[in-house]
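data_8.txt (compact mmCIF, C-alpha atoms and all ligand atoms) appears below.
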# COMPACT_ATOMS: atom_id res chain seq x y z
CA MET A 292 -11.55 -15.50 19.24
CA THR A 293 -10.27 -15.70 15.70
CA PHE A 294 -12.50 -15.57 12.64
CA ALA A 295 -11.19 -18.94 11.48
CA SER A 296 -12.30 -20.59 14.72
CA LEU A 297 -15.87 -19.25 14.55
CA THR A 298 -18.83 -21.37 13.43
CA PRO A 299 -21.06 -19.96 10.66
CA ASP A 300 -23.69 -19.13 13.32
CA GLN A 301 -21.15 -17.21 15.38
CA ILE A 302 -20.04 -15.28 12.30
CA GLN A 303 -23.68 -14.49 11.52
CA SER A 304 -24.23 -13.14 15.01
CA LEU A 305 -21.00 -11.09 14.83
CA HIS A 306 -22.21 -9.75 11.48
CA ASP A 307 -25.59 -8.80 12.93
CA GLU A 308 -23.95 -7.13 15.92
CA GLN A 309 -21.64 -5.06 13.68
CA LEU A 310 -24.50 -4.25 11.32
CA ALA A 311 -26.50 -2.86 14.24
CA ALA A 312 -23.47 -0.79 15.31
CA TYR A 313 -23.10 0.36 11.70
CA ARG A 314 -26.74 1.49 11.49
CA THR A 315 -26.25 3.54 14.66
CA LEU A 316 -23.13 5.04 13.11
CA GLN A 317 -25.06 5.99 9.97
CA ASP A 318 -27.83 7.54 12.04
CA ALA A 319 -25.29 9.77 13.79
CA GLY A 320 -24.89 11.78 10.54
CA LEU A 321 -21.11 12.01 10.88
CA LYS A 322 -18.95 14.18 8.63
CA LEU A 323 -15.37 13.17 9.41
CA ASP A 324 -12.33 13.36 7.14
CA LEU A 325 -9.28 11.15 7.63
CA THR A 326 -8.08 11.35 4.05
CA ARG A 327 -4.92 13.45 4.15
CA GLY A 328 -1.99 13.83 6.52
CA LYS A 329 -2.50 17.47 7.36
CA PRO A 330 -1.33 19.24 10.52
CA SER A 331 -4.19 20.36 12.78
CA PRO A 332 -4.89 24.07 13.38
CA GLU A 333 -3.38 23.64 16.86
CA GLN A 334 -0.12 22.48 15.27
CA LEU A 335 -0.12 25.38 12.83
CA ASP A 336 -0.64 27.75 15.75
CA LEU A 337 2.77 26.69 17.14
CA SER A 338 4.43 28.73 14.39
CA LEU A 339 2.11 31.73 14.46
CA GLU A 340 5.05 33.99 15.27
CA LEU A 341 6.34 33.44 11.73
CA LEU A 342 3.52 35.57 10.39
CA SER A 343 4.93 38.69 11.99
CA MET A 344 8.47 38.04 10.79
CA PRO A 345 10.85 39.30 9.50
CA GLY A 346 9.32 42.77 9.93
CA ASP A 347 11.67 45.43 8.63
CA GLU A 348 14.73 43.25 9.37
CA TYR A 349 14.70 41.85 5.88
CA LYS A 350 18.44 41.59 5.25
CA ASP A 351 20.14 38.23 5.74
CA ALA A 352 23.37 37.66 7.68
CA LYS A 353 25.44 38.69 4.68
CA GLY A 354 23.42 41.86 4.16
CA THR A 355 21.47 40.55 1.15
CA ASP A 356 18.09 42.25 0.73
CA THR A 357 15.73 39.27 0.78
CA ARG A 358 12.99 41.28 -0.89
CA ASN A 359 14.85 41.30 -4.17
CA TYR A 360 15.48 38.77 -6.95
CA GLY A 361 18.32 36.25 -6.85
CA GLY A 362 19.94 33.73 -4.55
CA LEU A 363 18.86 30.70 -6.58
CA ASN A 364 20.20 28.14 -4.10
CA GLY A 365 18.56 29.77 -1.07
CA LEU A 366 19.64 31.50 2.12
CA PRO A 367 22.86 30.09 3.61
CA GLU A 368 21.71 30.36 7.24
CA LEU A 369 18.62 28.24 6.61
CA ARG A 370 20.52 25.76 4.42
CA ALA A 371 22.98 25.33 7.29
CA ILE A 372 20.21 24.10 9.60
CA PHE A 373 18.89 21.60 7.07
CA SER A 374 22.36 20.55 5.98
CA GLU A 375 22.66 18.96 9.42
CA ILE A 376 19.24 17.32 9.25
CA MET A 377 19.80 16.03 5.71
CA GLN A 378 23.45 15.09 6.35
CA VAL A 379 24.54 16.85 3.17
CA PRO A 380 27.27 19.57 3.11
CA VAL A 381 25.69 23.03 3.13
CA ASP A 382 27.06 23.91 -0.33
CA GLN A 383 25.21 20.89 -1.69
CA VAL A 384 21.84 21.87 -0.21
CA VAL A 385 19.32 23.99 -2.12
CA ALA A 386 16.49 25.77 -0.27
CA GLY A 387 13.42 26.43 -2.38
CA ASP A 388 9.84 27.51 -2.01
CA ASN A 389 7.02 25.74 -0.22
CA ALA A 390 6.87 22.20 -1.65
CA SER A 391 9.46 19.45 -1.82
CA LEU A 392 7.02 17.67 -4.11
CA ALA A 393 7.69 20.43 -6.66
CA MET A 394 11.45 19.72 -6.38
CA MET A 395 10.81 16.02 -7.00
CA HIS A 396 8.60 16.98 -9.95
CA ASP A 397 11.32 19.19 -11.39
CA THR A 398 14.06 16.60 -10.88
CA LEU A 399 11.95 14.05 -12.75
CA VAL A 400 10.99 16.43 -15.55
CA PHE A 401 14.58 17.71 -16.00
CA SER A 402 15.74 14.07 -16.17
CA LEU A 403 13.07 13.20 -18.72
CA LEU A 404 13.58 16.23 -20.95
CA ARG A 405 17.31 16.86 -20.57
CA GLY A 406 18.84 13.79 -18.93
CA THR A 407 20.91 13.69 -15.74
CA PRO A 408 24.68 14.35 -15.70
CA ASP A 409 25.19 10.59 -16.15
CA SER A 410 22.55 9.98 -18.83
CA PRO A 411 23.53 8.93 -22.34
CA ARG A 412 20.34 10.69 -23.50
CA PRO A 413 17.23 12.29 -21.95
CA TRP A 414 15.10 9.68 -20.23
CA ALA A 415 12.16 10.58 -22.48
CA GLU A 416 14.17 9.32 -25.46
CA GLU A 417 14.45 5.83 -23.93
CA ASP A 418 11.95 3.19 -25.09
CA GLU A 419 10.83 2.77 -21.51
CA VAL A 420 11.60 4.33 -18.13
CA THR A 421 10.80 2.35 -15.01
CA PHE A 422 10.78 3.31 -11.31
CA ILE A 423 10.92 0.90 -8.40
CA CYS A 424 8.10 1.71 -5.99
CA PRO A 425 8.29 0.32 -2.44
CA VAL A 426 4.75 -0.43 -1.24
CA PRO A 427 2.79 0.64 0.58
CA GLY A 428 4.11 4.07 -0.39
CA TYR A 429 3.17 7.72 -0.89
CA ASP A 430 0.34 8.16 -3.39
CA ARG A 431 1.57 11.51 -4.70
CA HIS A 432 4.94 9.98 -5.65
CA PHE A 433 3.15 7.40 -7.70
CA ALA A 434 0.79 9.96 -9.25
CA LEU A 435 3.83 11.96 -10.36
CA THR A 436 5.64 9.13 -12.12
CA GLN A 437 2.36 7.93 -13.62
CA GLN A 438 1.61 11.38 -15.05
CA TYR A 439 4.86 11.38 -17.03
CA GLY A 440 4.49 7.85 -18.36
CA VAL A 441 7.12 6.29 -16.11
CA LYS A 442 6.33 2.62 -15.60
CA MET A 443 6.07 1.69 -11.91
CA VAL A 444 6.95 -1.67 -10.44
CA PRO A 445 6.02 -2.30 -6.81
CA VAL A 446 8.39 -4.02 -4.38
CA GLU A 447 7.50 -4.85 -0.82
CA LEU A 448 8.58 -2.37 1.85
CA HIS A 449 9.78 -4.27 4.91
CA ASP A 450 10.32 -2.79 8.37
CA ASP A 451 13.96 -2.05 7.49
CA GLY A 452 13.49 -0.92 3.89
CA PRO A 453 12.58 -2.29 0.47
CA ASP A 454 12.86 -5.97 -0.41
CA MET A 455 16.44 -5.91 -1.67
CA VAL A 456 16.19 -9.22 -3.55
CA ALA A 457 13.48 -7.69 -5.72
CA VAL A 458 15.32 -4.37 -5.99
CA ARG A 459 18.54 -6.09 -7.11
CA GLU A 460 16.70 -8.04 -9.78
CA LEU A 461 14.91 -4.96 -11.11
CA ALA A 462 18.05 -2.80 -11.10
CA ALA A 463 19.65 -5.26 -13.54
CA GLU A 464 17.22 -3.92 -16.18
CA PRO A 465 18.58 -0.94 -18.16
CA SER A 466 15.12 0.70 -18.28
CA VAL A 467 15.04 0.93 -14.47
CA LYS A 468 16.18 4.50 -13.89
CA GLY A 469 15.22 5.08 -10.31
CA MET A 470 13.24 4.45 -7.20
CA TRP A 471 11.05 6.27 -4.72
CA LEU A 472 11.92 5.93 -1.06
CA VAL A 473 10.78 7.59 2.17
CA PRO A 474 13.63 6.52 4.46
CA THR A 475 12.40 7.58 7.87
CA TYR A 476 8.89 6.94 9.00
CA GLY A 477 7.61 5.89 5.60
CA ASN A 478 4.24 7.05 4.39
CA PRO A 479 2.09 5.17 5.38
CA SER A 480 3.78 2.35 7.32
CA GLY A 481 6.34 4.28 9.37
CA ALA A 482 9.08 1.87 8.20
CA VAL A 483 12.65 3.12 8.64
CA VAL A 484 15.35 2.20 6.11
CA SER A 485 18.20 0.65 8.10
CA GLU A 486 21.84 1.65 7.72
CA ALA A 487 22.55 -1.78 6.19
CA VAL A 488 19.82 -1.51 3.55
CA ALA A 489 20.89 2.07 2.76
CA ALA A 490 24.47 0.84 2.25
CA GLU A 491 23.19 -1.90 -0.07
CA LEU A 492 21.21 0.63 -2.09
CA ALA A 493 24.29 2.84 -2.37
CA ALA A 494 26.43 -0.05 -3.59
CA LEU A 495 23.75 -1.65 -5.78
CA GLU A 496 24.82 -2.76 -9.25
CA THR A 497 22.51 -1.03 -11.69
CA ALA A 498 22.31 -1.54 -15.44
CA ALA A 499 21.39 2.13 -15.90
CA PRO A 500 24.43 4.42 -15.39
CA ASP A 501 22.04 7.19 -14.32
CA PHE A 502 20.01 5.32 -11.70
CA ARG A 503 18.55 7.75 -9.13
CA ILE A 504 17.15 7.25 -5.63
CA PHE A 505 14.53 9.89 -4.80
CA TRP A 506 15.21 9.82 -1.04
CA ASP A 507 12.25 11.77 0.31
CA ASN A 508 13.02 12.45 3.94
CA ALA A 509 9.77 14.32 4.58
CA TYR A 510 9.55 13.02 8.16
CA ALA A 511 13.24 13.22 9.18
CA VAL A 512 12.54 14.91 12.52
CA HIS A 513 8.94 13.85 13.08
CA HIS A 514 9.44 11.52 16.03
CA LEU A 515 6.56 10.17 18.10
CA THR A 516 8.73 8.68 20.86
CA ASP A 517 11.82 9.74 22.81
CA GLU A 518 13.95 8.03 20.19
CA ARG A 519 15.37 10.43 17.61
CA THR A 520 15.72 7.87 14.83
CA LYS A 521 18.70 8.78 12.68
CA THR A 522 18.37 8.50 8.94
CA ALA A 523 21.22 6.83 7.06
CA ASP A 524 23.59 9.23 5.30
CA ILE A 525 22.64 8.12 1.81
CA VAL A 526 24.60 10.79 -0.07
CA GLY A 527 27.77 9.88 1.85
CA LEU A 528 27.15 6.15 1.38
CA CYS A 529 26.64 6.59 -2.36
CA ALA A 530 29.82 8.65 -2.67
CA ALA A 531 31.77 6.02 -0.72
CA SER A 532 30.42 3.31 -3.05
CA GLY A 533 31.54 5.14 -6.17
CA HIS A 534 28.04 6.33 -7.13
CA PRO A 535 28.17 9.96 -5.97
CA ASN A 536 25.23 11.11 -8.11
CA ARG A 537 22.85 8.31 -7.21
CA ALA A 538 20.86 9.78 -4.32
CA ILE A 539 18.86 12.99 -4.18
CA VAL A 540 17.58 13.92 -0.73
CA TYR A 541 14.42 15.95 -0.26
CA ALA A 542 12.99 17.54 2.88
CA SER A 543 10.71 20.39 3.86
CA THR A 544 9.26 22.30 6.77
CA SER A 545 5.70 21.54 5.61
CA LYS A 546 5.03 19.57 8.78
CA ILE A 547 7.37 21.59 10.95
CA THR A 548 5.99 25.11 10.42
CA PHE A 549 3.21 25.72 7.85
CA ALA A 550 2.17 22.97 5.42
CA GLY A 551 1.30 25.50 2.73
CA SER A 552 3.95 28.13 3.43
CA GLY A 553 7.07 26.29 4.50
CA VAL A 554 10.43 25.89 2.80
CA CYS A 555 11.65 22.84 0.87
CA PHE A 556 15.15 21.46 0.42
CA LEU A 557 17.13 19.33 -2.02
CA GLY A 558 20.55 17.88 -1.28
CA SER A 559 22.87 15.76 -3.39
CA SER A 560 26.36 15.58 -4.94
CA GLU A 561 28.04 18.76 -6.18
CA GLU A 562 27.46 17.69 -9.77
CA ASN A 563 23.77 16.95 -9.27
CA VAL A 564 23.21 20.22 -7.46
CA GLU A 565 24.91 22.18 -10.24
CA TRP A 566 22.75 20.31 -12.80
CA TYR A 567 19.60 21.01 -10.81
CA LEU A 568 20.40 24.71 -10.39
CA THR A 569 21.28 25.12 -14.08
CA ASN A 570 17.87 23.75 -15.01
CA LEU A 571 16.10 25.58 -12.19
CA GLY A 572 17.64 28.88 -13.26
CA LYS A 573 15.50 28.83 -16.39
CA ARG A 574 12.34 28.33 -14.33
CA THR A 575 12.85 30.98 -11.66
CA ILE A 576 15.12 33.91 -10.81
CA GLY A 577 15.16 32.85 -7.18
CA PRO A 578 13.07 31.53 -4.29
CA ASP A 579 11.00 33.35 -1.67
CA LYS A 580 13.93 34.48 0.48
CA ILE A 581 11.72 36.45 2.87
CA ASN A 582 10.08 33.17 3.89
CA GLN A 583 13.48 31.53 4.14
CA LEU A 584 14.81 34.34 6.34
CA ARG A 585 11.92 34.18 8.78
CA HIS A 586 12.26 30.41 8.95
CA ALA A 587 15.99 30.71 9.70
CA ARG A 588 15.29 33.22 12.48
CA TYR A 589 12.31 31.37 13.89
CA LEU A 590 13.96 27.93 13.95
CA GLY A 591 17.40 29.25 14.98
CA ASP A 592 19.30 25.98 14.78
CA VAL A 593 18.80 22.22 14.69
CA GLU A 594 17.92 22.15 18.39
CA GLY A 595 15.27 24.79 17.65
CA VAL A 596 13.78 22.41 15.10
CA HIS A 597 13.79 19.53 17.58
CA LYS A 598 12.17 21.72 20.23
CA LEU A 599 9.36 22.67 17.88
CA MET A 600 8.93 19.01 16.89
CA GLU A 601 8.57 18.14 20.58
CA ALA A 602 5.63 20.56 20.74
CA HIS A 603 4.10 18.86 17.68
CA ARG A 604 4.62 15.50 19.31
CA ALA A 605 2.78 16.62 22.45
CA ILE A 606 -0.23 17.37 20.24
CA ILE A 607 -0.19 14.40 17.89
CA ALA A 608 1.25 11.49 19.90
CA PRO A 609 -1.99 11.16 21.96
CA LYS A 610 -3.89 10.94 18.67
CA PHE A 611 -1.72 8.07 17.47
CA GLU A 612 -2.13 6.39 20.87
CA ALA A 613 -5.91 6.73 20.59
CA VAL A 614 -5.90 5.12 17.13
CA LEU A 615 -3.77 2.20 18.30
CA GLU A 616 -5.79 1.73 21.47
CA ILE A 617 -9.08 1.54 19.55
CA LEU A 618 -7.65 -0.80 16.92
CA ARG A 619 -6.32 -3.07 19.67
CA ASP A 620 -9.61 -3.00 21.59
CA ARG A 621 -11.87 -3.57 18.66
CA LEU A 622 -9.77 -5.72 16.32
CA GLY A 623 -7.03 -7.19 18.50
CA SER A 624 -8.86 -10.39 19.33
CA HIS A 625 -9.70 -11.21 15.71
CA ASP A 626 -7.30 -12.52 13.10
CA ILE A 627 -8.47 -10.23 10.32
CA ALA A 628 -6.36 -7.09 10.61
CA THR A 629 -2.83 -5.93 11.37
CA TRP A 630 -1.51 -2.39 11.65
CA SER A 631 1.74 -0.50 11.98
CA GLU A 632 2.79 1.07 15.28
CA PRO A 633 4.92 3.92 13.94
CA LYS A 634 7.64 5.63 15.95
CA GLY A 635 7.19 8.74 13.87
CA GLY A 636 5.69 10.27 10.76
CA TYR A 637 2.08 11.00 10.00
CA PHE A 638 0.26 7.73 9.37
CA VAL A 639 -0.84 4.34 10.59
CA SER A 640 -1.03 1.64 7.92
CA LEU A 641 -3.93 -0.78 8.43
CA ASP A 642 -4.14 -4.12 6.62
CA VAL A 643 -7.65 -5.57 6.76
CA ALA A 644 -8.86 -8.96 5.52
CA ASP A 645 -7.68 -9.59 1.96
CA GLY A 646 -10.25 -8.44 -0.58
CA THR A 647 -12.16 -6.16 1.81
CA ALA A 648 -10.32 -2.81 1.89
CA SER A 649 -12.47 -1.25 -0.85
CA ARG A 650 -15.61 -2.43 0.90
CA VAL A 651 -14.41 -1.02 4.23
CA VAL A 652 -13.72 2.38 2.67
CA GLU A 653 -17.13 2.28 0.96
CA LEU A 654 -18.88 1.43 4.24
CA CYS A 655 -16.99 4.25 5.97
CA ARG A 656 -17.98 6.72 3.26
CA GLU A 657 -21.64 5.76 3.57
CA ALA A 658 -21.39 6.40 7.29
CA GLY A 659 -19.85 9.87 6.78
CA ILE A 660 -16.22 8.89 7.44
CA ALA A 661 -13.97 9.83 4.51
CA MET A 662 -10.88 7.61 4.26
CA THR A 663 -8.09 7.71 1.63
CA PRO A 664 -9.29 5.47 -1.24
CA ALA A 665 -8.28 1.82 -0.85
CA GLY A 666 -5.23 1.08 -2.99
CA ALA A 667 -3.98 4.69 -2.87
CA SER A 668 -0.65 3.58 -1.40
CA PHE A 669 0.11 1.45 -4.47
CA PRO A 670 1.18 2.38 -8.02
CA TYR A 671 -1.85 2.88 -10.27
CA GLY A 672 -4.03 2.67 -7.13
CA ASP A 673 -3.83 -1.08 -7.43
CA ASP A 674 -3.44 -2.99 -4.18
CA PRO A 675 -3.33 -6.57 -5.45
CA ARG A 676 -4.63 -7.90 -2.13
CA ASP A 677 -7.15 -5.08 -1.63
CA ARG A 678 -6.27 -4.93 2.03
CA ASN A 679 -4.37 -1.71 2.80
CA ILE A 680 -5.96 1.40 4.30
CA ARG A 681 -4.03 4.52 5.30
CA ILE A 682 -5.07 6.25 8.50
CA ALA A 683 -4.12 9.92 8.91
CA PRO A 684 -4.70 10.80 12.59
CA THR A 685 -3.25 14.31 12.84
CA PHE A 686 -5.94 16.68 11.56
CA PRO A 687 -9.18 15.81 13.40
CA SER A 688 -9.76 16.61 17.06
CA ILE A 689 -9.15 13.65 19.35
CA ASP A 690 -12.90 13.16 19.94
CA GLU A 691 -13.63 13.14 16.20
CA LEU A 692 -10.71 10.81 15.67
CA ARG A 693 -11.96 8.34 18.30
CA THR A 694 -15.41 8.32 16.70
CA ALA A 695 -13.91 7.82 13.23
CA ILE A 696 -11.56 4.99 14.21
CA ASP A 697 -14.25 3.22 16.19
CA GLY A 698 -16.51 3.52 13.13
CA LEU A 699 -13.69 2.27 10.92
CA ALA A 700 -13.25 -0.78 13.17
CA THR A 701 -16.98 -1.52 12.88
CA CYS A 702 -16.65 -1.36 9.07
CA VAL A 703 -13.57 -3.64 9.12
CA LEU A 704 -15.44 -6.28 11.15
CA LEU A 705 -18.63 -5.94 9.12
CA ALA A 706 -16.80 -6.28 5.79
CA ALA A 707 -14.90 -9.35 7.02
CA ALA A 708 -18.10 -10.97 8.30
CA GLU A 709 -19.87 -10.21 5.01
CA GLN A 710 -17.00 -11.83 3.15
CA HIS A 711 -17.10 -14.96 5.31
CA LEU A 712 -20.84 -15.29 4.93
CA THR A 713 -20.84 -14.93 1.16
CA SER A 714 -17.77 -17.06 0.39
N1 LIG B 1 6.72 13.43 0.89
C1 LIG B 1 5.98 12.67 1.69
C2 LIG B 1 6.42 11.29 1.99
C3 LIG B 1 4.79 13.17 2.24
O1 LIG B 1 4.04 12.39 3.03
C4 LIG B 1 4.42 14.50 1.94
C5 LIG B 1 3.17 15.13 2.50
N2 LIG B 1 2.10 14.32 2.69
C6 LIG B 1 5.21 15.24 1.08
C7 LIG B 1 6.37 14.70 0.58
C8 LIG B 1 4.85 16.63 0.67
O2 LIG B 1 5.86 17.49 1.04
P1 LIG B 1 5.85 19.01 0.63
O3 LIG B 1 4.76 19.68 1.39
O4 LIG B 1 7.21 19.48 1.00
O5 LIG B 1 5.61 19.07 -0.86

Output the file's structure as structure tokens, nothing else.
Amino acid sequence: MTFASLTPDQIQSLHDEQLAAYRTLQDAGLKLDLTRGKPSPEQLDLSLELLSMPGDEYKDAKGTDTRNYGGLNGLPELRAIFSEIMQVPVDQVVAGDNASLAMMHDTLVFSLLRGTPDSPRPWAEEDEVTFICPVPGYDRHFALTQQYGVKMVPVELHDDGPDMVAVRELAAEPSVKGMWLVPTYGNPSGAVVSEAVAAELAALETAAPDFRIFWDNAYAVHHLTDERTKTADIVGLCAASGHPNRAIVYASTSKITFAGSGVCFLGSSEENVEWYLTNLGKRTIGPDKINQLRHARYLGDVEGVHKLMEAHRAIIAPKFEAVLEILRDRLGSHDIATWSEPKGGYFVSLDVADGTASRVVELCREAGIAMTPAGASFPYGDDPRDRNIRIAPTFPSIDELRTAIDGLATCVLLAAAEQHLTS
């Protein structure tokens, strides 16, 4: 039964049915929040042991007292673990404090105020600075570039990476200085940048000599299936293509250990890392090495990270399955919505009938189900088709999640029926 094949009477009766379900939903007085991709308390409990570490064993492997100042680039033993995950030599990996977003912020601000090693002048002295923004994408990336007056141009994110025809065209503009990209399990679609697309990005002809890819590998090890999807080695590919400074890789343990008290990482070419540290050295004397030390001890090695991620998966994979099952059950037989079936990451991306996403989110809100605002996954919050909604399944309990997604499906059907009846 597709919407297009329904008679006006059938659409009216579907509308009335969904409206009745919606009234029941409203009467239930729900208070559910699916807005942000936060780990659940149960996930945070997996790393509880961290809170009692490092005790009085506060010296690192080299005997450095982690309680003191210094060590700008972070503890070597922890960098070694993430060097493997990020595929960047350990000397080219910096371990910081608790937020990779702060490292992205700093990279952008240093580039704007001081220029990169390849910049003829600071970016802020250019008439215009533009970033390519694959969509749907991460709202906080877009908020960051917007805040500093960087113009954002959306390009479509396909299952294997950004639309390279559009990227190639944009990169021919000298004002285009960079792009955002979440290579593995994109936020929100779960798309994975293929090796071929990564190689194209590395080799891309750009008019700007200081073009930068902000390669945010926030979900590098966040698999939801048995497949350990491997991220392309973008730093290596860029070096091999003669653009060693092009890519900057970011990662963090925010969704491995504690979202608010993890450790973040930056990896890039030797020259970029030296540039970053020179600028960073004016901002801080050094990172929280005590937190880095306990992370190094708690995680142990890369296999330790994978083991912990397996425990996360056991908690969150059933939640993703529940979301997909309800979407299939409730929306599968209609032709009004499609959704991603991610193999990892933190989100499901739902595309509803064109022109109804804002209405769906409004209906949800009025029924006590808080969703991320429609359009959030687009630069300037502007989804030209008003159809994309990001679902964040990890935080609520599975029962709350089922109630919320079932309610969401009711709102999707109701909004589509309303649209058909009024058009
Ligand atoms: N990048 C992406 C793609 C994310 O989804 C998130 C968290 N939602 C972050 C970065 C934030 O990372 P951090 O906690 O390290 O700042």

List as a PyMOL selection string the protein and nucleic acid residues near stretch 293-306 of chain A, meaning an atom at most 9 Å away when only C-alpha atoms are counted, but skip any in the same chain fewer than 5 places from it.
chain A and resi 311+624-627+704-709+711-712

I need the residue nearest ligand LIG 1 (chain B) from this list: A:Ala371, A:Ile607, A:Ala390, A:Leu341. Use all atoms listed in the file for the distance.
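For ligand LIG 1 (chain B), the nearest of the given residues is A:Ala390.
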
Residues of chain A that approach ligand LIG 1 (chain B) to 6 Å or less, counting only C-alpha atoms and all ligand atoms: could you list each one with the shortest pair of atoms and its distance in Å to one decimal, rows by chain and increasing residue number, as CSV?
residue,atom,partner,partner_atom,distance
A:Gly328,CA,B:LIG1,N2,5.6
A:Ala390,CA,B:LIG1,O5,3.5
A:Ser391,CA,B:LIG1,O4,3.6
A:Leu392,CA,B:LIG1,O5,3.8
A:Tyr429,CA,B:LIG1,C2,5.6
A:Val473,CA,B:LIG1,C2,5.7
A:Asn478,CA,B:LIG1,C2,5.3
A:Asp507,CA,B:LIG1,N1,5.8
A:Ala509,CA,B:LIG1,N1,4.9
A:Ser543,CA,B:LIG1,O4,4.6
A:Ser545,CA,B:LIG1,O3,4.7
A:Ala550,CA,B:LIG1,O3,5.8
A:Cys555,CA,B:LIG1,O4,5.6

With C-alpha atoms retained, could you export that selection as an mmCIF file, in the frame of the given file?
data_model
loop_
_atom_site.group_PDB
_atom_site.id
_atom_site.type_symbol
_atom_site.label_atom_id
_atom_site.label_comp_id
_atom_site.auth_asym_id
_atom_site.auth_seq_id
_atom_site.Cartn_x
_atom_site.Cartn_y
_atom_site.Cartn_z
ATOM 1 C CA GLY A 328 -1.990 13.830 6.520
ATOM 2 C CA ALA A 390 6.870 22.200 -1.650
ATOM 3 C CA SER A 391 9.460 19.450 -1.820
ATOM 4 C CA LEU A 392 7.020 17.670 -4.110
ATOM 5 C CA TYR A 429 3.170 7.720 -0.890
ATOM 6 C CA VAL A 473 10.780 7.590 2.170
ATOM 7 C CA ASN A 478 4.240 7.050 4.390
ATOM 8 C CA ASP A 507 12.250 11.770 0.310
ATOM 9 C CA ALA A 509 9.770 14.320 4.580
ATOM 10 C CA SER A 543 10.710 20.390 3.860
ATOM 11 C CA SER A 545 5.700 21.540 5.610
ATOM 12 C CA ALA A 550 2.170 22.970 5.420
ATOM 13 C CA CYS A 555 11.650 22.840 0.870
#

At a cut-off of 12 Å, using only C-alpha atoms, what residues contact A:Ser532? Leave out same-chain residues fewer than 5 positions from it and give the result as an NGL selection string.
:A and (489-496 or 525-527 or 537-538)

As JSON, please report the centre and edge lengths, rounded to one decimal in Å, of the axis-aligned box that holds all listed atoms of stretch 647-659 of chain A with 4 Å of padding on each of the six sides.
{"center_x": -16.0, "center_y": 1.9, "center_z": 3.2, "size_x": 19.3, "size_y": 24.0, "size_z": 16.1}

Go through A:Pro609, A:Gly551, A:Gly591, A:Pro332 and flag the residue nearest A:Arg693, using only C-alpha atoms for the distances.
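Using only C-alpha atoms, A:Arg693 sits closest to A:Pro609.
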
Which residue gives the smallest distance to A:Pro687 among A:Gly440, A:Pro330, A:Gly572, A:Pro367, with only C-alpha atoms counted?
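Selected residue with least distance to A:Pro687: A:Pro330.
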